[in-house]
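> Pasting query.csv here (CSV, N, CA and C atoms):
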```csv
chain,number,residue,atom,x,y,z
V,1,GLN,N,-7.2,-18.5,6.1
V,1,GLN,CA,-6.9,-17.2,6.7
V,1,GLN,C,-6.0,-16.4,5.8
V,2,VAL,N,-6.4,-15.2,5.5
V,2,VAL,CA,-5.7,-14.3,4.6
V,2,VAL,C,-4.4,-13.8,5.4
V,3,GLN,N,-3.3,-13.9,4.7
V,3,GLN,CA,-2.0,-13.4,5.2
V,3,GLN,C,-1.4,-12.4,4.2
V,4,LEU,N,-0.9,-11.3,4.7
V,4,LEU,CA,-0.2,-10.4,3.9
V,4,LEU,C,1.2,-10.2,4.5
V,5,VAL,N,2.2,-10.2,3.6
V,5,VAL,CA,3.6,-10.1,4.0
V,5,VAL,C,4.3,-9.1,3.2
V,6,GLU,N,4.7,-8.0,3.8
V,6,GLU,CA,5.4,-6.9,3.1
V,6,GLU,C,6.9,-7.1,3.0
V,7,SER,N,7.5,-6.6,2.0
V,7,SER,CA,8.9,-6.6,1.9
V,7,SER,C,9.4,-5.4,1.0
V,8,GLY,N,10.7,-5.2,1.0
V,8,GLY,CA,11.2,-4.2,0.1
V,8,GLY,C,11.6,-2.9,0.7
V,9,GLY,N,11.3,-2.7,2.0
V,9,GLY,CA,11.6,-1.5,2.6
V,9,GLY,C,13.1,-1.4,2.8
V,10,GLY,N,13.6,-0.2,3.2
V,10,GLY,CA,15.0,0.0,3.4
V,10,GLY,C,15.3,1.5,3.6
V,11,SER,N,16.6,1.7,3.5
V,11,SER,CA,17.1,3.1,3.6
V,11,SER,C,17.6,3.6,2.2
V,12,VAL,N,17.2,4.8,1.9
V,12,VAL,CA,17.5,5.4,0.6
V,12,VAL,C,17.7,6.9,0.8
V,13,GLN,N,18.5,7.5,-0.1
V,13,GLN,CA,18.6,8.9,-0.1
V,13,GLN,C,17.5,9.6,-0.8
V,14,ALA,N,17.3,10.9,-0.4
V,14,ALA,CA,16.2,11.6,-1.1
V,14,ALA,C,16.4,11.6,-2.6
V,15,ARG,N,15.3,11.6,-3.3
V,15,ARG,CA,15.2,11.5,-4.8
V,15,ARG,C,15.5,10.1,-5.3
V,16,GLY,N,15.7,9.1,-4.3
V,16,GLY,CA,15.9,7.7,-4.7
V,16,GLY,C,14.6,7.0,-4.9
V,17,SER,N,14.7,5.7,-5.1
V,17,SER,CA,13.5,4.9,-5.4
V,17,SER,C,13.5,3.6,-4.6
V,18,LEU,N,12.4,3.1,-4.3
V,18,LEU,CA,12.2,1.8,-3.7
V,18,LEU,C,10.9,1.1,-4.2
V,19,ARG,N,10.9,-0.2,-4.2
V,19,ARG,CA,9.7,-0.9,-4.6
V,19,ARG,C,9.3,-1.8,-3.5
V,20,LEU,N,8.1,-1.6,-2.9
V,20,LEU,CA,7.6,-2.4,-1.9
V,20,LEU,C,6.7,-3.5,-2.5
V,21,SER,N,6.8,-4.7,-1.9
V,21,SER,CA,5.9,-5.8,-2.3
V,21,SER,C,5.1,-6.3,-1.1
V,22,CYS,N,3.9,-6.8,-1.5
V,22,CYS,CA,3.0,-7.4,-0.5
V,22,CYS,C,2.5,-8.7,-1.0
V,23,ALA,N,3.0,-9.8,-0.5
V,23,ALA,CA,2.6,-11.1,-0.9
V,23,ALA,C,1.4,-11.6,-0.1
V,24,ALA,N,0.3,-11.9,-0.9
V,24,ALA,CA,-0.9,-12.3,-0.3
V,24,ALA,C,-1.2,-13.8,-0.4
V,25,SER,N,-1.8,-14.4,0.6
V,25,SER,CA,-2.1,-15.8,0.5
V,25,SER,C,-3.4,-16.1,1.3
V,26,GLY,N,-4.0,-17.2,1.0
V,26,GLY,CA,-5.1,-17.6,1.8
V,26,GLY,C,-6.5,-17.2,1.4
V,27,TYR,N,-6.6,-16.6,0.1
V,27,TYR,CA,-7.9,-16.3,-0.4
V,27,TYR,C,-8.0,-16.6,-1.9
V,28,GLY,N,-9.2,-16.8,-2.3
V,28,GLY,CA,-9.4,-17.1,-3.7
V,28,GLY,C,-10.4,-16.2,-4.4
V,29,HIS,N,-10.6,-15.1,-3.8
V,29,HIS,CA,-11.6,-14.1,-4.4
V,29,HIS,C,-11.0,-13.5,-5.6
V,30,ARG,N,-11.8,-13.2,-6.6
V,30,ARG,CA,-11.3,-12.5,-7.7
V,30,ARG,C,-11.4,-11.0,-7.5
V,31,SER,N,-12.3,-10.6,-6.7
V,31,SER,CA,-12.5,-9.2,-6.4
V,31,SER,C,-12.1,-8.8,-5.0
V,32,TYR,N,-11.3,-7.8,-5.0
V,32,TYR,CA,-10.8,-7.3,-3.7
V,32,TYR,C,-10.2,-5.9,-3.9
V,33,TYR,N,-10.2,-5.2,-2.8
V,33,TYR,CA,-9.5,-3.9,-2.7
V,33,TYR,C,-8.2,-4.2,-1.9
V,34,MET,N,-7.1,-3.5,-2.4
V,34,MET,CA,-5.9,-3.6,-1.6
V,34,MET,C,-5.3,-2.2,-1.5
V,35,ALA,N,-4.6,-1.9,-0.5
V,35,ALA,CA,-4.1,-0.6,-0.3
V,35,ALA,C,-2.8,-0.6,0.4
V,36,TRP,N,-2.0,0.5,0.3
V,36,TRP,CA,-0.8,0.8,1.1
V,36,TRP,C,-1.1,1.9,2.0
V,37,PHE,N,-0.8,1.7,3.3
V,37,PHE,CA,-0.9,2.8,4.3
V,37,PHE,C,0.5,3.0,4.8
V,38,ARG,N,0.7,4.2,5.5
V,38,ARG,CA,1.9,4.4,6.1
V,38,ARG,C,1.7,5.1,7.4
V,39,GLN,N,2.6,4.9,8.3
V,39,GLN,CA,2.5,5.6,9.6
V,39,GLN,C,3.9,6.1,10.1
V,40,ALA,N,4.0,7.4,10.2
V,40,ALA,CA,5.3,8.0,10.7
V,40,ALA,C,5.2,8.1,12.2
V,41,PRO,N,6.3,8.1,12.9
V,41,PRO,CA,6.3,8.3,14.3
V,41,PRO,C,5.5,9.5,14.8
V,42,GLY,N,4.6,9.3,15.7
V,42,GLY,CA,3.8,10.4,16.2
V,42,GLY,C,2.6,10.9,15.3
V,43,LYS,N,2.4,10.2,14.3
V,43,LYS,CA,1.4,10.6,13.3
V,43,LYS,C,0.3,9.5,13.1
V,44,GLU,N,-0.8,9.8,12.6
V,44,GLU,CA,-1.9,8.9,12.3
V,44,GLU,C,-1.4,8.0,11.1
V,45,ARG,N,-2.0,6.8,11.0
V,45,ARG,CA,-1.8,6.0,9.8
V,45,ARG,C,-2.6,6.6,8.7
V,46,GLU,N,-2.0,6.7,7.5
V,46,GLU,CA,-2.7,7.4,6.4
V,46,GLU,C,-2.6,6.5,5.1
V,47,GLY,N,-3.6,6.6,4.3
V,47,GLY,CA,-3.6,5.9,3.1
V,47,GLY,C,-2.7,6.5,2.1
V,48,VAL,N,-2.0,5.7,1.4
V,48,VAL,CA,-1.0,6.2,0.4
V,48,VAL,C,-1.5,5.9,-1.1
V,49,ALA,N,-2.0,4.7,-1.3
V,49,ALA,CA,-2.5,4.3,-2.6
V,49,ALA,C,-3.3,3.0,-2.5
V,50,GLY,N,-4.3,2.9,-3.3
V,50,GLY,CA,-5.2,1.8,-3.3
V,50,GLY,C,-5.5,1.3,-4.7
V,51,ILE,N,-6.0,0.0,-4.8
V,51,ILE,CA,-6.3,-0.5,-6.1
V,51,ILE,C,-7.5,-1.5,-6.0
V,52,TYR,N,-8.4,-1.5,-7.0
V,52,TYR,CA,-9.5,-2.4,-7.0
V,52,TYR,C,-9.2,-3.5,-8.1
V,53,SER,N,-9.2,-4.7,-7.7
V,53,SER,CA,-8.7,-5.8,-8.6
V,53,SER,C,-9.7,-5.9,-9.8
V,54,GLY,N,-11.0,-5.7,-9.5
V,54,GLY,CA,-11.9,-6.0,-10.6
V,54,GLY,C,-11.7,-5.2,-11.8
V,55,THR,N,-11.4,-3.9,-11.6
V,55,THR,CA,-11.2,-3.0,-12.8
V,55,THR,C,-9.8,-2.4,-12.9
V,56,GLY,N,-9.0,-2.6,-11.9
V,56,GLY,CA,-7.6,-2.1,-12.0
V,56,GLY,C,-7.6,-0.6,-11.6
V,57,THR,N,-8.7,-0.1,-11.2
V,57,THR,CA,-8.8,1.3,-10.8
V,57,THR,C,-7.9,1.6,-9.6
V,58,THR,N,-7.1,2.7,-9.7
V,58,THR,CA,-6.2,3.0,-8.7
V,58,THR,C,-6.6,4.3,-8.0
V,59,PHE,N,-6.1,4.5,-6.8
V,59,PHE,CA,-6.3,5.7,-6.0
V,59,PHE,C,-5.0,6.1,-5.3
V,60,TYR,N,-4.8,7.4,-5.2
V,60,TYR,CA,-3.6,7.9,-4.6
V,60,TYR,C,-3.9,9.1,-3.7
V,61,ALA,N,-3.1,9.2,-2.6
V,61,ALA,CA,-3.1,10.4,-1.8
V,61,ALA,C,-2.4,11.5,-2.6
V,62,ASN,N,-2.9,12.7,-2.4
V,62,ASN,CA,-2.4,13.9,-3.2
V,62,ASN,C,-0.9,14.0,-3.1
V,63,ASP,N,-0.3,13.8,-2.0
V,63,ASP,CA,1.2,14.1,-1.9
V,63,ASP,C,2.0,13.0,-2.5
V,64,VAL,N,1.5,11.9,-3.0
V,64,VAL,CA,2.3,10.9,-3.7
V,64,VAL,C,2.0,10.8,-5.2
V,65,LYS,N,0.9,11.5,-5.6
V,65,LYS,CA,0.6,11.4,-7.0
V,65,LYS,C,1.7,11.8,-7.9
V,66,GLY,N,2.0,11.0,-8.9
V,66,GLY,CA,3.1,11.3,-9.8
V,66,GLY,C,4.4,10.8,-9.4
V,67,ARG,N,4.5,10.3,-8.1
V,67,ARG,CA,5.7,9.8,-7.6
V,67,ARG,C,5.6,8.3,-7.3
V,68,PHE,N,4.4,7.9,-6.8
V,68,PHE,CA,4.2,6.5,-6.4
V,68,PHE,C,3.3,5.8,-7.4
V,69,THR,N,3.5,4.5,-7.6
V,69,THR,CA,2.6,3.8,-8.5
V,69,THR,C,2.2,2.4,-7.8
V,70,ILE,N,0.9,2.2,-7.7
V,70,ILE,CA,0.5,0.9,-7.1
V,70,ILE,C,0.1,0.0,-8.3
V,71,SER,N,0.5,-1.3,-8.1
V,71,SER,CA,0.1,-2.3,-9.2
V,71,SER,C,0.0,-3.6,-8.5
V,72,GLN,N,-0.5,-4.6,-9.3
V,72,GLN,CA,-0.7,-5.9,-8.8
V,72,GLN,C,-0.3,-6.9,-9.9
V,73,ASP,N,0.2,-8.1,-9.4
V,73,ASP,CA,0.5,-9.2,-10.3
V,73,ASP,C,-0.4,-10.4,-9.8
V,74,ASN,N,-1.5,-10.6,-10.4
V,74,ASN,CA,-2.4,-11.6,-10.0
V,74,ASN,C,-1.8,-13.0,-10.1
V,75,SER,N,-0.9,-13.2,-11.0
V,75,SER,CA,-0.3,-14.5,-11.1
V,75,SER,C,0.6,-14.9,-9.9
V,76,LYS,N,1.0,-13.8,-9.3
V,76,LYS,CA,1.9,-14.0,-8.1
V,76,LYS,C,1.2,-13.6,-6.8
V,77,ASN,N,-0.1,-13.2,-6.9
V,77,ASN,CA,-0.8,-12.7,-5.7
V,77,ASN,C,0.0,-11.7,-4.9
V,78,THR,N,0.6,-10.8,-5.7
V,78,THR,CA,1.4,-9.8,-5.1
V,78,THR,C,1.0,-8.4,-5.5
V,79,LEU,N,1.1,-7.5,-4.5
V,79,LEU,CA,0.8,-6.1,-4.6
V,79,LEU,C,2.1,-5.4,-4.6
V,80,TYR,N,2.3,-4.3,-5.4
V,80,TYR,CA,3.5,-3.5,-5.4
V,80,TYR,C,3.2,-2.1,-5.1
V,81,LEU,N,4.3,-1.4,-4.6
V,81,LEU,CA,4.2,0.1,-4.6
V,81,LEU,C,5.6,0.6,-5.0
V,82,GLN,N,5.6,1.1,-6.2
V,82,GLN,CA,6.8,1.7,-6.8
V,82,GLN,C,6.9,3.1,-6.3
V,83,MET,N,8.0,3.4,-5.6
V,83,MET,CA,8.1,4.8,-5.0
V,83,MET,C,9.3,5.4,-5.6
V,84,ASN,N,9.1,6.5,-6.3
V,84,ASN,CA,10.2,7.3,-7.0
V,84,ASN,C,10.2,8.7,-6.3
V,85,SER,N,11.3,9.4,-6.6
V,85,SER,CA,11.5,10.7,-6.1
V,85,SER,C,11.2,10.8,-4.6
V,86,LEU,N,11.7,9.9,-3.8
V,86,LEU,CA,11.4,9.8,-2.4
V,86,LEU,C,11.9,11.1,-1.7
V,87,LYS,N,11.1,11.5,-0.7
V,87,LYS,CA,11.4,12.6,0.1
V,87,LYS,C,11.6,12.2,1.6
V,88,PRO,N,12.3,13.0,2.4
V,88,PRO,CA,12.4,12.7,3.8
V,88,PRO,C,11.0,12.5,4.5
V,89,GLU,N,10.0,13.3,4.0
V,89,GLU,CA,8.7,13.2,4.6
V,89,GLU,C,8.0,11.9,4.3
V,90,ASP,N,8.6,11.0,3.4
V,90,ASP,CA,8.0,9.7,3.1
V,90,ASP,C,8.5,8.7,4.1
V,91,ASN,N,9.4,9.1,5.1
V,91,ASN,CA,9.8,8.2,6.1
V,91,ASN,C,8.6,7.7,6.9
V,92,ALA,N,8.5,6.3,7.0
V,92,ALA,CA,7.3,5.7,7.7
V,92,ALA,C,7.4,4.2,7.7
V,93,MET,N,6.6,3.6,8.5
V,93,MET,CA,6.4,2.2,8.3
V,93,MET,C,5.2,2.1,7.3
V,94,TYR,N,5.4,1.2,6.3
V,94,TYR,CA,4.4,1.0,5.3
V,94,TYR,C,3.7,-0.3,5.5
V,95,TYR,N,2.4,-0.3,5.4
V,95,TYR,CA,1.5,-1.4,5.6
V,95,TYR,C,0.7,-1.7,4.4
V,96,CYS,N,0.5,-3.0,4.2
V,96,CYS,CA,-0.4,-3.5,3.1
V,96,CYS,C,-1.7,-3.9,3.8
V,97,ALA,N,-2.8,-3.6,3.1
V,97,ALA,CA,-4.2,-3.9,3.6
V,97,ALA,C,-5.0,-4.5,2.5
V,98,ALA,N,-6.0,-5.3,2.9
V,98,ALA,CA,-6.9,-5.9,2.0
V,98,ALA,C,-8.3,-6.0,2.5
V,99,LYS,N,-9.2,-5.9,1.5
V,99,LYS,CA,-10.6,-6.1,1.8
V,99,LYS,C,-11.2,-7.0,0.6
V,100,LEU,N,-11.7,-8.1,1.0
V,100,LEU,CA,-12.2,-9.0,-0.1
V,100,LEU,C,-13.6,-8.6,-0.5
V,101,GLY,N,-14.0,-8.9,-1.7
V,101,GLY,CA,-15.3,-8.5,-2.2
V,101,GLY,C,-15.3,-7.4,-3.1
V,102,THR,N,-16.5,-6.9,-3.5
V,102,THR,CA,-16.7,-5.9,-4.5
V,102,THR,C,-16.9,-4.5,-4.0
V,103,GLY,N,-17.0,-4.3,-2.7
V,103,GLY,CA,-17.4,-3.0,-2.2
V,103,GLY,C,-16.6,-2.6,-1.0
V,104,LEU,N,-16.5,-1.3,-0.7
V,104,LEU,CA,-15.9,-0.8,0.5
V,104,LEU,C,-17.0,-0.1,1.3
V,105,ALA,N,-16.9,-0.2,2.6
V,105,ALA,CA,-17.9,0.5,3.4
V,105,ALA,C,-17.3,1.9,3.8
V,106,GLY,N,-16.7,2.5,2.8
V,106,GLY,CA,-16.2,3.9,3.1
V,106,GLY,C,-15.1,4.2,2.0
V,107,PRO,N,-14.4,5.3,2.2
V,107,PRO,CA,-13.4,5.7,1.2
V,107,PRO,C,-12.2,4.7,1.3
V,108,TRP,N,-11.5,4.6,0.2
V,108,TRP,CA,-10.4,3.7,0.1
V,108,TRP,C,-9.3,3.9,1.1
V,109,ASN,N,-9.2,5.1,1.6
V,109,ASN,CA,-8.1,5.5,2.5
V,109,ASN,C,-8.6,5.5,4.0
V,110,LEU,N,-9.7,4.8,4.3
V,110,LEU,CA,-10.2,4.7,5.6
V,110,LEU,C,-9.7,3.3,6.2
V,111,GLN,N,-9.0,3.3,7.2
V,111,GLN,CA,-8.4,2.1,7.8
V,111,GLN,C,-9.4,1.0,8.1
V,112,LYS,N,-10.6,1.4,8.6
V,112,LYS,CA,-11.5,0.4,9.1
V,112,LYS,C,-12.2,-0.3,8.0
V,113,VAL,N,-12.1,0.1,6.8
V,113,VAL,CA,-12.8,-0.7,5.7
V,113,VAL,C,-12.0,-1.9,5.3
V,114,TYR,N,-10.8,-2.0,5.8
V,114,TYR,CA,-9.9,-3.2,5.4
V,114,TYR,C,-10.0,-4.2,6.6
V,115,ASP,N,-10.0,-5.5,6.2
V,115,ASP,CA,-10.1,-6.6,7.1
V,115,ASP,C,-8.8,-7.2,7.5
V,116,TYR,N,-7.8,-7.1,6.6
V,116,TYR,CA,-6.5,-7.8,6.7
V,116,TYR,C,-5.4,-6.8,6.6
V,117,TRP,N,-4.4,-7.0,7.4
V,117,TRP,CA,-3.2,-6.1,7.5
V,117,TRP,C,-1.9,-6.9,7.6
V,118,GLY,N,-0.9,-6.4,6.9
V,118,GLY,CA,0.4,-7.0,7.1
V,118,GLY,C,1.1,-6.4,8.3
V,119,GLN,N,2.4,-6.8,8.5
V,119,GLN,CA,3.1,-6.4,9.7
V,119,GLN,C,3.9,-5.1,9.4
V,120,GLY,N,4.1,-4.7,8.2
V,120,GLY,CA,4.7,-3.5,7.8
V,120,GLY,C,6.2,-3.7,7.4
V,121,THR,N,6.6,-2.7,6.7
V,121,THR,CA,8.1,-2.6,6.3
V,121,THR,C,8.5,-1.2,6.3
V,122,GLN,N,9.7,-1.0,6.9
V,122,GLN,CA,10.1,0.4,7.2
V,122,GLN,C,10.8,1.0,6.0
V,123,VAL,N,10.5,2.2,5.7
V,123,VAL,CA,11.1,3.0,4.7
V,123,VAL,C,11.7,4.3,5.3
V,124,THR,N,13.0,4.4,5.1
V,124,THR,CA,13.8,5.5,5.7
V,124,THR,C,14.4,6.3,4.5
V,125,VAL,N,14.1,7.6,4.5
V,125,VAL,CA,14.7,8.4,3.4
V,125,VAL,C,15.5,9.5,4.1
V,126,SER,N,16.8,9.6,3.7
V,126,SER,CA,17.7,10.6,4.3
V,126,SER,C,17.9,11.7,3.3
V,127,SER,N,18.0,12.9,3.9
V,127,SER,CA,18.2,14.1,3.0
V,127,SER,C,19.6,14.3,2.6
```
Could you rewrite the structure in this file as structure tokens?


Amino acid sequence: QVQLVESGGGSVQARGSLRLSCAASGYGHRSYYMAWFRQAPGKEREGVAGIYSGTGTTFYANDVKGRFTISQDNSKNTLYLQMNSLKPEDNAMYYCAAKLGTGLAGPWNLQKVYDYWGQGTQVTVSS
């Protein structure tokens, strides 16, 4: 059973930085897609950044490009999201998601293409 456990959330002032981690276990696939989503109160869950393990190709939502960086450490089975220049509008619960295999049945930022989800980690940015 695949398990994803997020960590690294917290409170930070605007223009500060945080690094989120997602520790993955229970799978041995070489190829997978992983992504970070976030959900603010009263809003839909949205894709923030994604990565394909096979090629290292990354994907970003427009409003985080240049500020957030997604990366992976295969030796530790861990996914990261480095968040710089944080803004109050980045306030949300952040979730890690995974899809095993070489293809996605839709865009990287579509929730339903992912099979596994973590419990989330809260990010609070104060102005």

> Restricting the calculation to only C-alpha atoms, which member of V:Tyr95, V:Gly120, V:Phe68, V:Gly9 is positioned closest to Ala35 (chain V)?

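Smallest distance to Ala35 (chain V) is found for V:Tyr95.
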
> I'd like the interatomic distance between CA of Ile70 (chain V) and CA of Gly42 (chain V), to a tenth of an Å.

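Taking CA of Ile70 (chain V) as the start and CA of Gly42 (chain V) as the end point, the length is 25.4 Å.
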
> Which residues are near Leu86 (chain V)? Cut-off 8 Å, all atoms listed in the file, ignore same chain within fewer than 3 positions. Put them as a list in words.

Val12, Gln13, Ala14, Arg15, Gly16, Ser17, Leu18, Arg67, Met83, Glu89, Asp90, Asn91, Val125 and Ser126 of chain V

> For those residues, write N, CA and C atoms to a file as a PDB file, keeping the file's coordinate frame.


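Output (part14.pdb):
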```pdb
ATOM      1  N   VAL V  12      17.200   4.800   1.900  1.00  0.00           N
ATOM      2  CA  VAL V  12      17.500   5.400   0.600  1.00  0.00           C
ATOM      3  C   VAL V  12      17.700   6.900   0.800  1.00  0.00           C
ATOM      4  N   GLN V  13      18.500   7.500  -0.100  1.00  0.00           N
ATOM      5  CA  GLN V  13      18.600   8.900  -0.100  1.00  0.00           C
ATOM      6  C   GLN V  13      17.500   9.600  -0.800  1.00  0.00           C
ATOM      7  N   ALA V  14      17.300  10.900  -0.400  1.00  0.00           N
ATOM      8  CA  ALA V  14      16.200  11.600  -1.100  1.00  0.00           C
ATOM      9  C   ALA V  14      16.400  11.600  -2.600  1.00  0.00           C
ATOM     10  N   ARG V  15      15.300  11.600  -3.300  1.00  0.00           N
ATOM     11  CA  ARG V  15      15.200  11.500  -4.800  1.00  0.00           C
ATOM     12  C   ARG V  15      15.500  10.100  -5.300  1.00  0.00           C
ATOM     13  N   GLY V  16      15.700   9.100  -4.300  1.00  0.00           N
ATOM     14  CA  GLY V  16      15.900   7.700  -4.700  1.00  0.00           C
ATOM     15  C   GLY V  16      14.600   7.000  -4.900  1.00  0.00           C
ATOM     16  N   SER V  17      14.700   5.700  -5.100  1.00  0.00           N
ATOM     17  CA  SER V  17      13.500   4.900  -5.400  1.00  0.00           C
ATOM     18  C   SER V  17      13.500   3.600  -4.600  1.00  0.00           C
ATOM     19  N   LEU V  18      12.400   3.100  -4.300  1.00  0.00           N
ATOM     20  CA  LEU V  18      12.200   1.800  -3.700  1.00  0.00           C
ATOM     21  C   LEU V  18      10.900   1.100  -4.200  1.00  0.00           C
ATOM     22  N   ARG V  67       4.500  10.300  -8.100  1.00  0.00           N
ATOM     23  CA  ARG V  67       5.700   9.800  -7.600  1.00  0.00           C
ATOM     24  C   ARG V  67       5.600   8.300  -7.300  1.00  0.00           C
ATOM     25  N   MET V  83       8.000   3.400  -5.600  1.00  0.00           N
ATOM     26  CA  MET V  83       8.100   4.800  -5.000  1.00  0.00           C
ATOM     27  C   MET V  83       9.300   5.400  -5.600  1.00  0.00           C
ATOM     28  N   GLU V  89      10.000  13.300   4.000  1.00  0.00           N
ATOM     29  CA  GLU V  89       8.700  13.200   4.600  1.00  0.00           C
ATOM     30  C   GLU V  89       8.000  11.900   4.300  1.00  0.00           C
ATOM     31  N   ASP V  90       8.600  11.000   3.400  1.00  0.00           N
ATOM     32  CA  ASP V  90       8.000   9.700   3.100  1.00  0.00           C
ATOM     33  C   ASP V  90       8.500   8.700   4.100  1.00  0.00           C
ATOM     34  N   ASN V  91       9.400   9.100   5.100  1.00  0.00           N
ATOM     35  CA  ASN V  91       9.800   8.200   6.100  1.00  0.00           C
ATOM     36  C   ASN V  91       8.600   7.700   6.900  1.00  0.00           C
ATOM     37  N   VAL V 125      14.100   7.600   4.500  1.00  0.00           N
ATOM     38  CA  VAL V 125      14.700   8.400   3.400  1.00  0.00           C
ATOM     39  C   VAL V 125      15.500   9.500   4.100  1.00  0.00           C
ATOM     40  N   SER V 126      16.800   9.600   3.700  1.00  0.00           N
ATOM     41  CA  SER V 126      17.700  10.600   4.300  1.00  0.00           C
ATOM     42  C   SER V 126      17.900  11.700   3.300  1.00  0.00           C
TER      43      SER V 126
END
```

> From the DSSP assignment of the backbone, select every residue of region 47-126 of chain V that is helix (DSSP H, G or I), and format the answer as a CSV table (one decimal) with N, CA and C atoms, in the coordinates of the input.


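Written file, result-v4.csv:
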```csv
chain,number,residue,atom,x,y,z
V,62,ASN,N,-2.9,12.7,-2.4
V,62,ASN,CA,-2.4,13.9,-3.2
V,62,ASN,C,-0.9,14.0,-3.1
V,63,ASP,N,-0.3,13.8,-2.0
V,63,ASP,CA,1.2,14.1,-1.9
V,63,ASP,C,2.0,13.0,-2.5
V,64,VAL,N,1.5,11.9,-3.0
V,64,VAL,CA,2.3,10.9,-3.7
V,64,VAL,C,2.0,10.8,-5.2
V,88,PRO,N,12.3,13.0,2.4
V,88,PRO,CA,12.4,12.7,3.8
V,88,PRO,C,11.0,12.5,4.5
V,89,GLU,N,10.0,13.3,4.0
V,89,GLU,CA,8.7,13.2,4.6
V,89,GLU,C,8.0,11.9,4.3
V,90,ASP,N,8.6,11.0,3.4
V,90,ASP,CA,8.0,9.7,3.1
V,90,ASP,C,8.5,8.7,4.1
V,111,GLN,N,-9.0,3.3,7.2
V,111,GLN,CA,-8.4,2.1,7.8
V,111,GLN,C,-9.4,1.0,8.1
V,112,LYS,N,-10.6,1.4,8.6
V,112,LYS,CA,-11.5,0.4,9.1
V,112,LYS,C,-12.2,-0.3,8.0
V,113,VAL,N,-12.1,0.1,6.8
V,113,VAL,CA,-12.8,-0.7,5.7
V,113,VAL,C,-12.0,-1.9,5.3
```

> Could you work out how far CA of Gly8 (chain V) lies from CA of Gly118 (chain V), giving the answer in Å with one decimal?

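Answer for the CA of Gly118 (chain V) to CA of Gly8 (chain V) separation: 13.2 Å.
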
> Please measure the separation of CA of Ser53 (chain V) and atom N of Leu4 (chain V), giving the value in Å to one decimal.

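Here the two named atoms are 16.4 Å from each other.
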
> Could you check which of V:Gln119, V:Thr69, V:Thr102, V:Thr78 is closest to Ala49 (chain V), using only C-alpha atoms?

V:Thr69

> Which of these, V:Gln3, V:Asn74, V:Asn109, V:Ser11, has the shortest distance to Thr58 (chain V) once you count only C-alpha atoms?

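Going through V:Gln3, V:Asn74, V:Asn109, V:Ser11 one by one, the smallest distance to Thr58 (chain V) is for V:Asn109.
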
> Go through V:Val48, V:Gly10, V:Lys99, V:Tyr33 one by one, measure the shortest atom-to-atom distance of each to Asp63 (chain V) using only C-alpha atoms, and give the residue with the smallest value.

V:Val48

> Identify all residues of region 67-108 of chain V in strand (DSSP E) (DSSP on the backbone) and supply them as a PyMOL selection string.

chain V and resi 68-73+78-83+92-100

> Hey, can you spit out that residue selection with N, CA and C atoms as a short mmCIF file (atom, residue, chain, number, x, y, z; two decimals), keeping the file's coordinate frame?


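That gives us part-v6.cif:
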```cif
data_model
loop_
_atom_site.label_atom_id
_atom_site.label_comp_id
_atom_site.auth_asym_id
_atom_site.auth_seq_id
_atom_site.Cartn_x
_atom_site.Cartn_y
_atom_site.Cartn_z
N PHE V 68 4.40 7.90 -6.80
CA PHE V 68 4.20 6.50 -6.40
C PHE V 68 3.30 5.80 -7.40
N THR V 69 3.50 4.50 -7.60
CA THR V 69 2.60 3.80 -8.50
C THR V 69 2.20 2.40 -7.80
N ILE V 70 0.90 2.20 -7.70
CA ILE V 70 0.50 0.90 -7.10
C ILE V 70 0.10 0.00 -8.30
N SER V 71 0.50 -1.30 -8.10
CA SER V 71 0.10 -2.30 -9.20
C SER V 71 0.00 -3.60 -8.50
N GLN V 72 -0.50 -4.60 -9.30
CA GLN V 72 -0.70 -5.90 -8.80
C GLN V 72 -0.30 -6.90 -9.90
N ASP V 73 0.20 -8.10 -9.40
CA ASP V 73 0.50 -9.20 -10.30
C ASP V 73 -0.40 -10.40 -9.80
N THR V 78 0.60 -10.80 -5.70
CA THR V 78 1.40 -9.80 -5.10
C THR V 78 1.00 -8.40 -5.50
N LEU V 79 1.10 -7.50 -4.50
CA LEU V 79 0.80 -6.10 -4.60
C LEU V 79 2.10 -5.40 -4.60
N TYR V 80 2.30 -4.30 -5.40
CA TYR V 80 3.50 -3.50 -5.40
C TYR V 80 3.20 -2.10 -5.10
N LEU V 81 4.30 -1.40 -4.60
CA LEU V 81 4.20 0.10 -4.60
C LEU V 81 5.60 0.60 -5.00
N GLN V 82 5.60 1.10 -6.20
CA GLN V 82 6.80 1.70 -6.80
C GLN V 82 6.90 3.10 -6.30
N MET V 83 8.00 3.40 -5.60
CA MET V 83 8.10 4.80 -5.00
C MET V 83 9.30 5.40 -5.60
N ALA V 92 8.50 6.30 7.00
CA ALA V 92 7.30 5.70 7.70
C ALA V 92 7.40 4.20 7.70
N MET V 93 6.60 3.60 8.50
CA MET V 93 6.40 2.20 8.30
C MET V 93 5.20 2.10 7.30
N TYR V 94 5.40 1.20 6.30
CA TYR V 94 4.40 1.00 5.30
C TYR V 94 3.70 -0.30 5.50
N TYR V 95 2.40 -0.30 5.40
CA TYR V 95 1.50 -1.40 5.60
C TYR V 95 0.70 -1.70 4.40
N CYS V 96 0.50 -3.00 4.20
CA CYS V 96 -0.40 -3.50 3.10
C CYS V 96 -1.70 -3.90 3.80
N ALA V 97 -2.80 -3.60 3.10
CA ALA V 97 -4.20 -3.90 3.60
C ALA V 97 -5.00 -4.50 2.50
N ALA V 98 -6.00 -5.30 2.90
CA ALA V 98 -6.90 -5.90 2.00
C ALA V 98 -8.30 -6.00 2.50
N LYS V 99 -9.20 -5.90 1.50
CA LYS V 99 -10.60 -6.10 1.80
C LYS V 99 -11.20 -7.00 0.60
N LEU V 100 -11.70 -8.10 1.00
CA LEU V 100 -12.20 -9.00 -0.10
C LEU V 100 -13.60 -8.60 -0.50
#
```

> List the spatial neighbours of Lys76 (chain V) as a ChimeraX atom specification - criterion: any atom at most 8 Å away, all atoms listed in the file, same-chain residues fewer than 5 positions off excluded.

/V:22-24

> Take the residues from that selection and put them in a file with N, CA and C atoms, as a short mmCIF file (atom, residue, chain, number, x, y, z; two decimals), in the coordinates of the input.


```
data_model
loop_
_atom_site.label_atom_id
_atom_site.label_comp_id
_atom_site.auth_asym_id
_atom_site.auth_seq_id
_atom_site.Cartn_x
_atom_site.Cartn_y
_atom_site.Cartn_z
N CYS V 22 3.90 -6.80 -1.50
CA CYS V 22 3.00 -7.40 -0.50
C CYS V 22 2.50 -8.70 -1.00
N ALA V 23 3.00 -9.80 -0.50
CA ALA V 23 2.60 -11.10 -0.90
C ALA V 23 1.40 -11.60 -0.10
N ALA V 24 0.30 -11.90 -0.90
CA ALA V 24 -0.90 -12.30 -0.30
C ALA V 24 -1.20 -13.80 -0.40
#
```
